[in-house]
Structures are given as C-alpha cells and as structure tokens.
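To start, the structure itself, in structure tokens.
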Amino acid sequence: MGRNPRSRNRSLLRRSGQDLSFGGRDPWAFAASGQPTRGKEGSPGAPELPATAARPLSGEAPSRPGRSNRSCLRILVVQTAFLGDVVLTTPLFRALRRVAPDAHLTALVTPAAAPLLEADPHLDEVLTYDKKGGESLAAVLRRVRRARFDRLLAPHRSHRSGLLALFSGIPVRVGFADGALSWAYTRRVDRPLDHHEVDRNLALLRGLGHEPVEADRVLHVGYTEVEGASVEAMLEQAGVKPGARLAGLCPGSIWPTKRWGAEGFAAVARALADRGLRPVLLGGPDDAGVASEVQRLAGDRSGVLNAAGRTPLKALAAWMDRLSVLVTNDSAPLHVAAARGTPTVAVFGPTTRGLGFAPFHAAARVVEVSLSCRPCGLHGGRRCPEGHFRCMGDVTPDQVLRALDDVLGGAA
Ligand code: SF4
C-alpha cells in the first residue's frame, strides 16, 4: 500500500538536513559582468526598480553608497545550496532590507550561484565559497571572521553551514530548529514544513524578532544590459525577427530522474512551431547533450534554436524576459522564470509540489501523473528506485500542450 503523500513529504523534508549542494559540478557556465543592472521585478505587474551598481563577488567593501562598512549592522545570509534554492532565498534579502534598511547585507553563495545575485538591489555584497572547488572551510571562515558580521541567517541546513555558523565569530546566529547542527545557532526557528520554500526561508526573520509580510514574497533575479544585448545578438544571428514569439525549452536537470524525455520535448517543440512560436533550447554546458538530442528529434522543420551551453547563467533571466512561455523540468530555470514573471509549464516527476518547491508564480502549470511512489526524493535521484520511471515516462506531449494552452489562455 502506498504511503500517505503528505507524510512522505514531511519525511523527505525532515531528512534533507544534509548538504544539498551540487554534485561537484557547476551545471551552468557563467560570466560575471560589471555593467549596470536591470531592475525588473519578477512578479507580473510589480514596479520597475531603479538600476543599481554592480557589486563585488568577493571582498569586503560595500558597493552601495551611503551604507557604512563598519558602523551599521552587518548581516550575513549563508545559502550555498543549489541555484534554485538561491533564487528562492531572494525574498529573504528583500525582507531583511525592509526590516533593516540601513544594514550592510551580504550573501554567501557558491561561485556558480553568484551571477543570480549580482543584480539584486537588496544586497550590498555577494561573497562566494567555492566548497566544491577545494576552498577549505577554514579559509572561508577566515574571510567571514575578518568581515565582523553581527548577525548570521542560514536558510541552508547543512552540516557545513552549521560549522560555518559555529566558528564564524558572529554573536547572533539564526538557523532552523530541524537543521543539521542546530545547536550551532543562538536562535533556532521552526521551519513550517507545509509551506513553500520561500515562506520557510522567510520564517528566519522571526529569529530577528520580525514577522514576514506579504510584500516580502517576491523573487528577484536580475541581469545587466550585457546579457540583454547578448540574447538579442544571438536571436539576430539566428534570423529571428524582433517581436517574434519565442518558447523556451529547458530539458536538462542535474538529476537524471527529473528529466522528462527528449522525445517529449521534441514533440512539444514541433507543436509550438506549428502554432507560430519559435522554440529555443536553454541550459548550461551539462545540458548541451540532451538539448542537441531534442533538436535532432524535433527536426529542421521546427526551426529549433539551440542556445544550451552557449549562454551564461546570468543571461537566463534575460532570456526569460524574451520568452512568451517556458517548458521546463523541475530545475533552476523554473524559479528564474517565476522571478521574471514568464508563463511556465513545468513537468514534475519524482518531486511534487507538496515538497515546497512548486512554481512561485500564478502563470505556471505543473504537469504530473498520479503514482503512489511519488515523491521519492527531495531533489530526485540518479535512478528510479522502482525501476519503471513511470513518473516521467507516463507524461505525454498532449498533457504538456494542454497546460501550455491553459497558461497562455488558449493563445499557444
Ligand atoms: S517512478 Fe516513482 S520511484 Fe521512480 S523515479 Fe519516479 S517517483 Fe521515483
């Protein structure tokens, strides 16, 4: 008999206190840029924010004029998990800026994730910790201790984050009560398991004596004019006319069980082309293989533009602004699309919305099949534990196309 999905979710969520970081590889190439940033907010209808100066990716000097490096409250947020987790932490930065407008606010993330935050108007500084690239915990601790932070918040519940907090020298350390090494934190906050990950992260505010508010619940991923221009240049080179309608396809994921089949993506690409949308394959270098397979299966007639592996991570947000719709697996582009307000259809297999990582976006639909073995992992796995992989194998292109029609109001 299948387990109750709700209790299965709770069990998976509790077990996830281990390190949730990448499997050692950076799934996206990225190129940092020092150009002025664009400030469009993700939520549909949200106001345009002013451009901000680019921030250093490491070092200790604040780039935001008017906020002192030494005299103001210095807050560090430690989030060295996956790219998607970093995107889902951006509302916490917004909330901290609201409750501490004069604080110096720093995020500590992996080098892979840093480009996602370069244009975040709520951050003063982005520090990187190359934990998979050989930087020792002692080395990053030396940098953190030198920076003399007053407060630490840790959305990432890993052992490594606990150790970092413990030896950081930071007097007030806020973490989750169910995280690894929770005793390393001076203030422990309950993590609301039944809530979206955005709201779980925002719960950390309570450790500083503040309640999250509705206005905090907005994702942000920005980009610079450089990325915007690179996207336009690639489109021009491919002969795409200005104003042409584009449909993004992200067939990759670091986890094999989270990938819907290349045949399915190819069938959707052909149908999109028939409906007047130019399909564009997006992804990092690790996704280039599956993207090429989708392109081959879709055939020349579909006119698929393959940008996977040819576009930096930071340009992903620029691509999202150019798309009429995105079809993706449950992976980081899903959350970047939510941050940019791009209509999205997401195919979920081994994961479910109940785990807390559903699209944080009204104009999104999830396509999935009902199986008692779902969910079987917080992040999916390398192999199907049941051996049949029906959670993805049973999803049909017709289901995805119906969801596309729905999300686009029948305009696909
Ligand atoms: S079919 Fe079931 S067991 Fe296999 S990967 Fe999907 S959810 Fe997990």
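We label chains A, B, ... in the order they appear in the structure tokens, count residues from 1 in each chain, and number ligands from 1 in the order shown.
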
List all protein, DNA and RNA residues that have an atom no more than 12 Å from any atom of ligand 1, counting only C-alpha atoms and all ligand atoms, and report them as a PDB file with C-alpha atoms, in the first residue's frame.
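Output file part15.pdb is given in full below:
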ATOM      1  CA  GLY A   2       1.354   3.453  -0.897  1.00  0.00           C
ATOM      2  CA  PRO A   5       1.901  11.553   0.239  1.00  0.00           C
ATOM      3  CA  ARG A   8       6.043  11.081   2.687  1.00  0.00           C
ATOM      4  CA  TRP A 255      19.312  14.845 -11.587  1.00  0.00           C
ATOM      5  CA  PRO A 256      18.533  12.298 -14.340  1.00  0.00           C
ATOM      6  CA  THR A 257      15.170  11.326 -12.824  1.00  0.00           C
ATOM      7  CA  LYS A 258      13.998  14.923 -13.035  1.00  0.00           C
ATOM      8  CA  ARG A 259      14.379  14.963 -16.817  1.00  0.00           C
ATOM      9  CA  TRP A 260      11.323  14.457 -18.981  1.00  0.00           C
ATOM     10  CA  VAL A 347       6.985  18.727 -15.749  1.00  0.00           C
ATOM     11  CA  PHE A 348       7.318  17.160 -12.298  1.00  0.00           C
ATOM     12  CA  GLY A 349       8.334  13.511 -11.864  1.00  0.00           C
ATOM     13  CA  PRO A 350       9.979  12.246  -8.666  1.00  0.00           C
ATOM     14  CA  THR A 351       9.238  15.527  -6.887  1.00  0.00           C
ATOM     15  CA  THR A 352       5.859  17.048  -6.051  1.00  0.00           C
ATOM     16  CA  GLU A 368       2.440  15.342 -13.491  1.00  0.00           C
ATOM     17  CA  VAL A 369       0.973  11.867 -13.202  1.00  0.00           C
ATOM     18  CA  SER A 370      -0.543  10.304 -10.132  1.00  0.00           C
ATOM     19  CA  LEU A 371       1.617   7.483  -8.728  1.00  0.00           C
ATOM     20  CA  SER A 372       1.881   6.115  -5.215  1.00  0.00           C
ATOM     21  CA  CYS A 373       5.699   6.195  -5.380  1.00  0.00           C
ATOM     22  CA  ARG A 374       5.760   9.994  -5.787  1.00  0.00           C
ATOM     23  CA  PRO A 375       7.626  11.784  -4.355  1.00  0.00           C
ATOM     24  CA  CYS A 376      10.656   9.541  -3.981  1.00  0.00           C
ATOM     25  CA  GLY A 377      13.241  12.197  -3.208  1.00  0.00           C
ATOM     26  CA  LEU A 378      13.573  15.827  -2.281  1.00  0.00           C
ATOM     27  CA  HIS A 379      15.663  16.533  -5.356  1.00  0.00           C
ATOM     28  CA  GLY A 380      15.100  13.455  -7.484  1.00  0.00           C
ATOM     29  CA  GLY A 381      17.821  10.855  -7.875  1.00  0.00           C
ATOM     30  CA  ARG A 382      20.114   9.327 -10.422  1.00  0.00           C
ATOM     31  CA  ARG A 383      17.908   6.229 -10.932  1.00  0.00           C
ATOM     32  CA  CYS A 384      14.290   5.302 -10.434  1.00  0.00           C
ATOM     33  CA  PRO A 385      14.166   3.218  -7.232  1.00  0.00           C
ATOM     34  CA  GLU A 386      11.182   1.305  -8.660  1.00  0.00           C
ATOM     35  CA  GLY A 387      12.892   0.643 -11.973  1.00  0.00           C
ATOM     36  CA  HIS A 388       9.939   1.729 -14.190  1.00  0.00           C
ATOM     37  CA  PHE A 389      10.381   5.535 -14.159  1.00  0.00           C
ATOM     38  CA  ARG A 390       6.701   5.994 -14.909  1.00  0.00           C
ATOM     39  CA  CYS A 391       6.562   9.412 -13.220  1.00  0.00           C
ATOM     40  CA  MET A 392       8.204  10.848 -16.320  1.00  0.00           C
ATOM     41  CA  GLY A 393       7.536   8.085 -18.841  1.00  0.00           C
ATOM     42  CA  ASP A 394       3.748   8.454 -18.479  1.00  0.00           C
ATOM     43  CA  VAL A 395       3.721  12.233 -19.088  1.00  0.00           C
TER      44      VAL A 395
END

Alpha helix (DSSP H) residues, from DSSP on the backbone, in stretch 79-217 of chain A, as an MDAnalysis selection string: chainID A and resid 83:87 90:99 114:117 137:147 159:166 197:202

Kindly export the residues of the current selection with N, CA and C atoms, as a compact mmCIF listing (two decimals), in the first residue's frame.
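So the final result, stored in out22.txt, reads:
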# COMPACT_ATOMS: atom_id res chain seq x y z
N LEU A 83 21.22 26.29 -7.28
CA LEU A 83 20.83 27.56 -7.91
C LEU A 83 19.38 27.90 -7.58
N GLY A 84 18.51 26.93 -7.70
CA GLY A 84 17.09 27.19 -7.43
C GLY A 84 16.87 27.61 -5.99
N ASP A 85 17.61 26.99 -5.06
CA ASP A 85 17.47 27.37 -3.65
C ASP A 85 17.89 28.82 -3.43
N VAL A 86 18.90 29.24 -4.16
CA VAL A 86 19.36 30.63 -4.03
C VAL A 86 18.27 31.59 -4.53
N VAL A 87 17.65 31.24 -5.65
CA VAL A 87 16.56 32.10 -6.16
C VAL A 87 15.43 32.19 -5.12
N THR A 90 15.86 34.79 -2.36
CA THR A 90 15.87 36.24 -2.63
C THR A 90 14.77 37.02 -1.89
N PRO A 91 13.59 36.43 -1.63
CA PRO A 91 12.61 37.18 -0.81
C PRO A 91 13.13 37.49 0.60
N LEU A 92 14.00 36.63 1.11
CA LEU A 92 14.57 36.90 2.44
C LEU A 92 15.47 38.14 2.40
N PHE A 93 16.21 38.31 1.30
CA PHE A 93 17.03 39.52 1.17
C PHE A 93 16.12 40.76 1.17
N ARG A 94 15.05 40.66 0.40
CA ARG A 94 14.09 41.77 0.34
C ARG A 94 13.54 42.08 1.73
N ALA A 95 13.18 41.02 2.46
CA ALA A 95 12.59 41.20 3.79
C ALA A 95 13.60 41.81 4.76
N LEU A 96 14.85 41.35 4.67
CA LEU A 96 15.88 41.92 5.57
C LEU A 96 16.10 43.39 5.26
N ARG A 97 16.06 43.74 4.01
CA ARG A 97 16.20 45.16 3.64
C ARG A 97 15.04 45.96 4.21
N ARG A 98 13.86 45.37 4.23
CA ARG A 98 12.69 46.07 4.80
C ARG A 98 12.86 46.29 6.29
N VAL A 99 13.28 45.27 7.01
CA VAL A 99 13.34 45.41 8.48
C VAL A 99 14.63 46.09 8.94
N ALA A 114 26.51 32.90 -7.80
CA ALA A 114 26.73 34.34 -7.63
C ALA A 114 26.12 35.20 -8.73
N PRO A 115 26.19 34.79 -10.01
CA PRO A 115 25.61 35.65 -11.05
C PRO A 115 24.12 35.91 -10.86
N LEU A 116 23.43 34.99 -10.19
CA LEU A 116 22.00 35.18 -9.96
C LEU A 116 21.73 36.36 -9.03
N LEU A 117 22.73 36.72 -8.21
CA LEU A 117 22.52 37.74 -7.19
C LEU A 117 23.20 39.06 -7.51
N LEU A 137 36.94 25.01 4.56
CA LEU A 137 36.05 25.73 5.48
C LEU A 137 36.85 26.74 6.29
N ALA A 138 38.08 26.36 6.65
CA ALA A 138 38.92 27.27 7.43
C ALA A 138 39.18 28.56 6.65
N ALA A 139 39.37 28.42 5.34
CA ALA A 139 39.68 29.60 4.53
C ALA A 139 38.48 30.55 4.47
N VAL A 140 37.30 29.98 4.25
CA VAL A 140 36.13 30.88 4.18
C VAL A 140 35.82 31.45 5.57
N LEU A 141 36.09 30.67 6.60
CA LEU A 141 35.88 31.18 7.96
C LEU A 141 36.79 32.37 8.24
N ARG A 142 38.02 32.31 7.75
CA ARG A 142 38.92 33.45 7.95
C ARG A 142 38.33 34.70 7.31
N ARG A 143 37.77 34.55 6.12
CA ARG A 143 37.18 35.72 5.43
C ARG A 143 35.95 36.22 6.17
N VAL A 144 35.14 35.28 6.63
CA VAL A 144 33.90 35.67 7.33
C VAL A 144 34.25 36.36 8.65
N ARG A 145 35.20 35.81 9.37
CA ARG A 145 35.55 36.39 10.68
C ARG A 145 36.14 37.79 10.50
N ARG A 146 36.93 37.95 9.44
CA ARG A 146 37.52 39.27 9.18
C ARG A 146 36.45 40.32 8.92
N ALA A 147 35.37 39.89 8.32
CA ALA A 147 34.31 40.84 7.94
C ALA A 147 33.46 41.29 9.13
N HIS A 159 25.34 20.44 7.42
CA HIS A 159 26.38 20.38 8.45
C HIS A 159 27.40 21.48 8.24
N ARG A 160 27.77 21.67 6.97
CA ARG A 160 28.81 22.64 6.67
C ARG A 160 28.36 24.05 7.06
N SER A 161 27.07 24.37 6.79
CA SER A 161 26.57 25.69 7.19
C SER A 161 26.56 25.82 8.71
N GLY A 162 26.23 24.70 9.39
CA GLY A 162 26.24 24.72 10.86
C GLY A 162 27.64 24.98 11.40
N LEU A 163 28.63 24.31 10.80
CA LEU A 163 30.02 24.51 11.24
C LEU A 163 30.46 25.94 10.96
N LEU A 164 30.06 26.43 9.79
CA LEU A 164 30.43 27.79 9.44
C LEU A 164 29.85 28.78 10.45
N ALA A 165 28.60 28.55 10.81
CA ALA A 165 27.95 29.43 11.80
C ALA A 165 28.68 29.34 13.14
N LEU A 166 28.96 28.11 13.55
CA LEU A 166 29.55 27.88 14.88
C LEU A 166 30.88 28.61 15.06
N GLU A 197 8.92 26.83 0.03
CA GLU A 197 10.30 27.10 0.47
C GLU A 197 10.54 28.60 0.68
N VAL A 198 9.90 29.42 -0.14
CA VAL A 198 10.03 30.87 0.05
C VAL A 198 9.59 31.27 1.46
N ASP A 199 8.47 30.73 1.90
CA ASP A 199 7.94 31.08 3.23
C ASP A 199 8.76 30.43 4.34
N ARG A 200 9.30 29.26 4.07
CA ARG A 200 10.19 28.65 5.07
C ARG A 200 11.41 29.53 5.29
N ASN A 201 12.00 30.01 4.18
CA ASN A 201 13.17 30.88 4.31
C ASN A 201 12.81 32.18 5.03
N LEU A 202 11.65 32.73 4.69
CA LEU A 202 11.23 33.98 5.34
C LEU A 202 11.01 33.79 6.84

12 Å contact set for A:Leu88, only C-alpha atoms, chain neighbours under 6 positions out, as a tab-separated table (two decimals) with N, CA and C atoms, in the first residue's frame:
chain	number	residue	atom	x	y	z
A	79	GLN	N	23.84	30.77	2.07
A	79	GLN	CA	23.00	29.92	1.21
A	79	GLN	C	23.87	29.33	0.11
A	81	ALA	N	23.55	26.35	-1.33
A	81	ALA	CA	22.88	25.19	-1.93
A	81	ALA	C	22.74	25.38	-3.44
A	82	PHE	N	21.74	24.74	-4.01
A	82	PHE	CA	21.53	24.75	-5.45
A	82	PHE	C	21.12	26.13	-5.97
A	94	ARG	N	15.05	40.66	0.40
A	94	ARG	CA	14.09	41.77	0.34
A	94	ARG	C	13.54	42.08	1.73
A	113	ALA	N	26.36	30.21	-8.24
A	113	ALA	CA	25.10	30.92	-8.00
A	113	ALA	C	25.28	32.44	-7.97
A	116	LEU	N	23.43	34.99	-10.19
A	116	LEU	CA	22.00	35.18	-9.96
A	116	LEU	C	21.73	36.36	-9.03
A	117	LEU	N	22.73	36.72	-8.21
A	117	LEU	CA	22.52	37.74	-7.19
A	117	LEU	C	23.20	39.06	-7.51
A	155	PRO	N	19.55	29.85	5.74
A	155	PRO	CA	18.48	29.05	5.13
A	155	PRO	C	18.96	27.65	4.78
A	156	HIS	N	20.25	27.51	4.50
A	156	HIS	CA	20.81	26.20	4.14
A	156	HIS	C	21.07	25.41	5.41
A	196	HIS	N	5.56	26.80	1.31
A	196	HIS	CA	6.51	26.89	0.20
A	196	HIS	C	7.88	27.24	0.76
A	197	GLU	N	8.92	26.83	0.03
A	197	GLU	CA	10.30	27.10	0.47
A	197	GLU	C	10.54	28.60	0.68
A	198	VAL	N	9.90	29.42	-0.14
A	198	VAL	CA	10.03	30.87	0.05
A	198	VAL	C	9.59	31.27	1.46
A	199	ASP	N	8.47	30.73	1.90
A	199	ASP	CA	7.94	31.08	3.23
A	199	ASP	C	8.76	30.43	4.34
A	200	ARG	N	9.30	29.26	4.07
A	200	ARG	CA	10.19	28.65	5.07
A	200	ARG	C	11.41	29.53	5.29
A	201	ASN	N	12.00	30.01	4.18
A	201	ASN	CA	13.17	30.88	4.31
A	201	ASN	C	12.81	32.18	5.03
A	202	LEU	N	11.65	32.73	4.69
A	202	LEU	CA	11.23	33.98	5.34
A	202	LEU	C	11.01	33.79	6.84
A	216	ASP	N	6.98	40.79	1.17
A	216	ASP	CA	8.30	40.15	1.10
A	216	ASP	C	8.32	39.03	0.07
A	217	ARG	N	7.17	38.49	-0.27
A	217	ARG	CA	7.10	37.23	-1.03
A	217	ARG	C	7.26	37.45	-2.53
A	218	VAL	N	8.36	38.08	-2.90
A	218	VAL	CA	8.64	38.36	-4.31
A	218	VAL	C	10.06	37.89	-4.62
A	219	LEU	N	10.19	37.08	-5.66
A	219	LEU	CA	11.51	36.62	-6.09
A	219	LEU	C	12.19	37.71	-6.92
A	220	HIS	N	13.51	37.67	-6.94
A	220	HIS	CA	14.23	38.60	-7.81
A	220	HIS	C	15.44	37.93	-8.43
A	221	VAL	N	15.52	37.94	-9.74
A	221	VAL	CA	16.77	37.61	-10.45
A	221	VAL	C	16.94	38.66	-11.54
A	331	SER	N	13.62	22.35	-12.23
A	331	SER	CA	15.03	22.72	-12.06
A	331	SER	C	15.14	24.23	-11.95
A	332	ALA	N	16.37	24.73	-11.83
A	332	ALA	CA	16.57	26.15	-11.53
A	332	ALA	C	15.84	27.10	-12.50
A	333	PRO	N	15.79	26.82	-13.81
A	333	PRO	CA	15.10	27.77	-14.71
A	333	PRO	C	13.63	28.00	-14.32
A	334	LEU	N	13.02	27.00	-13.71
A	334	LEU	CA	11.64	27.15	-13.24
A	334	LEU	C	11.53	28.35	-12.29
A	335	HIS	N	12.49	28.47	-11.39
A	335	HIS	CA	12.43	29.54	-10.39
A	335	HIS	C	12.89	30.89	-10.98
A	336	VAL	N	13.81	30.82	-11.94
A	336	VAL	CA	14.21	32.07	-12.61
A	336	VAL	C	13.02	32.60	-13.41
A	337	ALA	N	12.28	31.70	-14.06
A	337	ALA	CA	11.08	32.12	-14.80
A	337	ALA	C	10.07	32.75	-13.86
A	338	ALA	N	9.92	32.16	-12.68
A	338	ALA	CA	8.98	32.73	-11.70
A	338	ALA	C	9.43	34.12	-11.29
A	339	ALA	N	10.76	34.29	-11.14
A	339	ALA	CA	11.29	35.61	-10.75
A	339	ALA	C	11.05	36.65	-11.84
A	356	GLY	N	7.37	21.73	-1.50
A	356	GLY	CA	7.61	23.15	-1.21
A	356	GLY	C	8.37	23.91	-2.28
A	357	PHE	N	8.58	23.26	-3.45
A	357	PHE	CA	9.37	23.92	-4.50
A	357	PHE	C	8.54	24.11	-5.77
A	358	ALA	N	7.25	24.25	-5.61
A	358	ALA	CA	6.36	24.48	-6.76
A	358	ALA	C	6.68	25.84	-7.38
A	359	PRO	N	6.25	26.05	-8.64
A	359	PRO	CA	6.46	27.37	-9.25
A	359	PRO	C	5.84	28.44	-8.37
A	360	PHE	N	6.61	29.47	-8.05
A	360	PHE	CA	6.13	30.54	-7.17
A	360	PHE	C	5.58	31.65	-8.05
A	361	HIS	N	4.49	31.32	-8.74
A	361	HIS	CA	4.11	32.16	-9.86
A	361	HIS	C	2.71	31.76	-10.30

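The two atoms in question, atom CA of A:Ala238 and atom CA of A:Pro279, are spaced 11.9 Å apart.
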
Which residue of A:Leu208, A:Leu76, A:Ala229, A:Ala154 approaches A:Ile170 most closely, using only C-alpha atoms: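 Using only C-alpha atoms, A:Ile170 sits closest to A:Leu76.
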
Shell around A:Ala273 at 8 Å using only C-alpha atoms, local window under 4 positions removed, as a PDB file with C-alpha atoms, in the first residue's frame:
ATOM      1  CA  ALA A 269       8.854  21.880 -29.947  1.00  0.00           C
ATOM      2  CA  LEU A 277       6.233  30.085 -31.627  1.00  0.00           C
ATOM      3  CA  ARG A 278       9.962  29.668 -32.276  1.00  0.00           C
ATOM      4  CA  PRO A 279      11.354  27.010 -29.896  1.00  0.00           C
ATOM      5  CA  SER A 302      10.602  23.046 -36.199  1.00  0.00           C
ATOM      6  CA  GLY A 303      13.363  25.677 -36.544  1.00  0.00           C
TER       7      GLY A 303
END

Atomic separation - atom CA of A:Val109 relative to atom CA of A:Gly341, Å: 23.8 Å

Atom pair atom CA of A:Glu227 / atom CA of A:Gly283: separation (Å):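 Value for the atom CA of A:Glu227-atom CA of A:Gly283 distance: 14.9 Å.
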
Counting only C-alpha atoms, the residue of A:Val280, A:Leu204, A:Val226, A:Ile254 that sits nearest A:Met320: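 For A:Met320, the nearest of the candidates is A:Val280.
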
Best match for closeness to A:Glu263 among A:Val327, A:Leu408, A:Ala298, A:Ala364, counting only C-alpha atoms: A:Ala298

Residue among A:Asp194, A:Arg157, A:Gly222, A:Val294 lying closest to A:His122, counting only C-alpha atoms: A:Gly222

Best match for closeness to A:Ile75 among A:Gly299, A:Pro111, A:Pro171, A:Gly134, counting only C-alpha atoms: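 For A:Ile75, the nearest of the candidates is A:Pro171.
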
Selection near A:Arg365, 9 Å with only C-alpha atoms, sequence-local residues under 4 positions removed, as an mmCIF file with N, CA and C atoms, in the first residue's frame:
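Once written, part.cif looks like this:
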data_model
loop_
_atom_site.group_PDB
_atom_site.id
_atom_site.type_symbol
_atom_site.label_atom_id
_atom_site.label_comp_id
_atom_site.auth_asym_id
_atom_site.auth_seq_id
_atom_site.Cartn_x
_atom_site.Cartn_y
_atom_site.Cartn_z
ATOM 1 N N PRO A 343 5.367 33.069 -18.174
ATOM 2 C CA PRO A 343 4.438 31.935 -18.109
ATOM 3 C C PRO A 343 5.189 30.615 -18.289
ATOM 4 N N THR A 344 4.843 29.639 -17.474
ATOM 5 C CA THR A 344 5.663 28.422 -17.408
ATOM 6 C C THR A 344 4.810 27.162 -17.302
ATOM 7 N N VAL A 345 5.256 26.124 -17.999
ATOM 8 C CA VAL A 345 4.724 24.775 -17.785
ATOM 9 C C VAL A 345 5.888 23.924 -17.284
ATOM 10 N N ALA A 346 5.715 23.311 -16.127
ATOM 11 C CA ALA A 346 6.785 22.513 -15.524
ATOM 12 C C ALA A 346 6.356 21.051 -15.440
ATOM 13 N N VAL A 347 7.244 20.163 -15.848
ATOM 14 C CA VAL A 347 6.985 18.727 -15.749
ATOM 15 C C VAL A 347 7.640 18.216 -14.466
ATOM 16 N N PRO A 359 6.247 26.048 -8.637
ATOM 17 C CA PRO A 359 6.461 27.365 -9.247
ATOM 18 C C PRO A 359 5.835 28.444 -8.365
ATOM 19 N N ALA A 403 -1.553 22.098 -21.036
ATOM 20 C CA ALA A 403 -1.137 23.040 -19.996
ATOM 21 C C ALA A 403 -0.641 24.348 -20.614
ATOM 22 N N LEU A 404 0.049 24.229 -21.759
ATOM 23 C CA LEU A 404 0.511 25.436 -22.461
ATOM 24 C C LEU A 404 -0.663 26.283 -22.909
ATOM 25 N N ASP A 406 -3.524 26.354 -21.587
ATOM 26 C CA ASP A 406 -4.158 26.898 -20.382
ATOM 27 C C ASP A 406 -3.389 28.112 -19.868
ATOM 28 N N VAL A 407 -2.078 27.958 -19.773
ATOM 29 C CA VAL A 407 -1.287 29.057 -19.189
ATOM 30 C C VAL A 407 -1.262 30.277 -20.097
#

Strand (DSSP E) call set, DSSP backbone run, stretch 189-308 of chain A, as a PDB file with C-alpha atoms, in the first residue's frame:
ATOM      1  CA  VAL A 189      13.387  28.927  14.277  1.00  0.00           C
ATOM      2  CA  TYR A 223      20.701  40.856 -15.287  1.00  0.00           C
ATOM      3  CA  THR A 224      22.734  43.539 -16.973  1.00  0.00           C
ATOM      4  CA  LEU A 246       9.599  32.518 -28.559  1.00  0.00           C
ATOM      5  CA  ALA A 247       9.001  29.423 -26.456  1.00  0.00           C
ATOM      6  CA  GLY A 248      11.830  28.301 -24.178  1.00  0.00           C
ATOM      7  CA  LEU A 249      12.551  24.629 -23.553  1.00  0.00           C
ATOM      8  CA  CYS A 250      14.786  23.540 -20.661  1.00  0.00           C
ATOM      9  CA  ARG A 278       9.962  29.668 -32.276  1.00  0.00           C
ATOM     10  CA  PRO A 279      11.354  27.010 -29.896  1.00  0.00           C
ATOM     11  CA  VAL A 280      14.584  27.943 -28.089  1.00  0.00           C
ATOM     12  CA  LEU A 281      16.557  25.341 -26.133  1.00  0.00           C
ATOM     13  CA  LEU A 305      17.283  27.470 -31.898  1.00  0.00           C
ATOM     14  CA  ASN A 306      19.719  25.691 -29.612  1.00  0.00           C
TER      15      ASN A 306
END
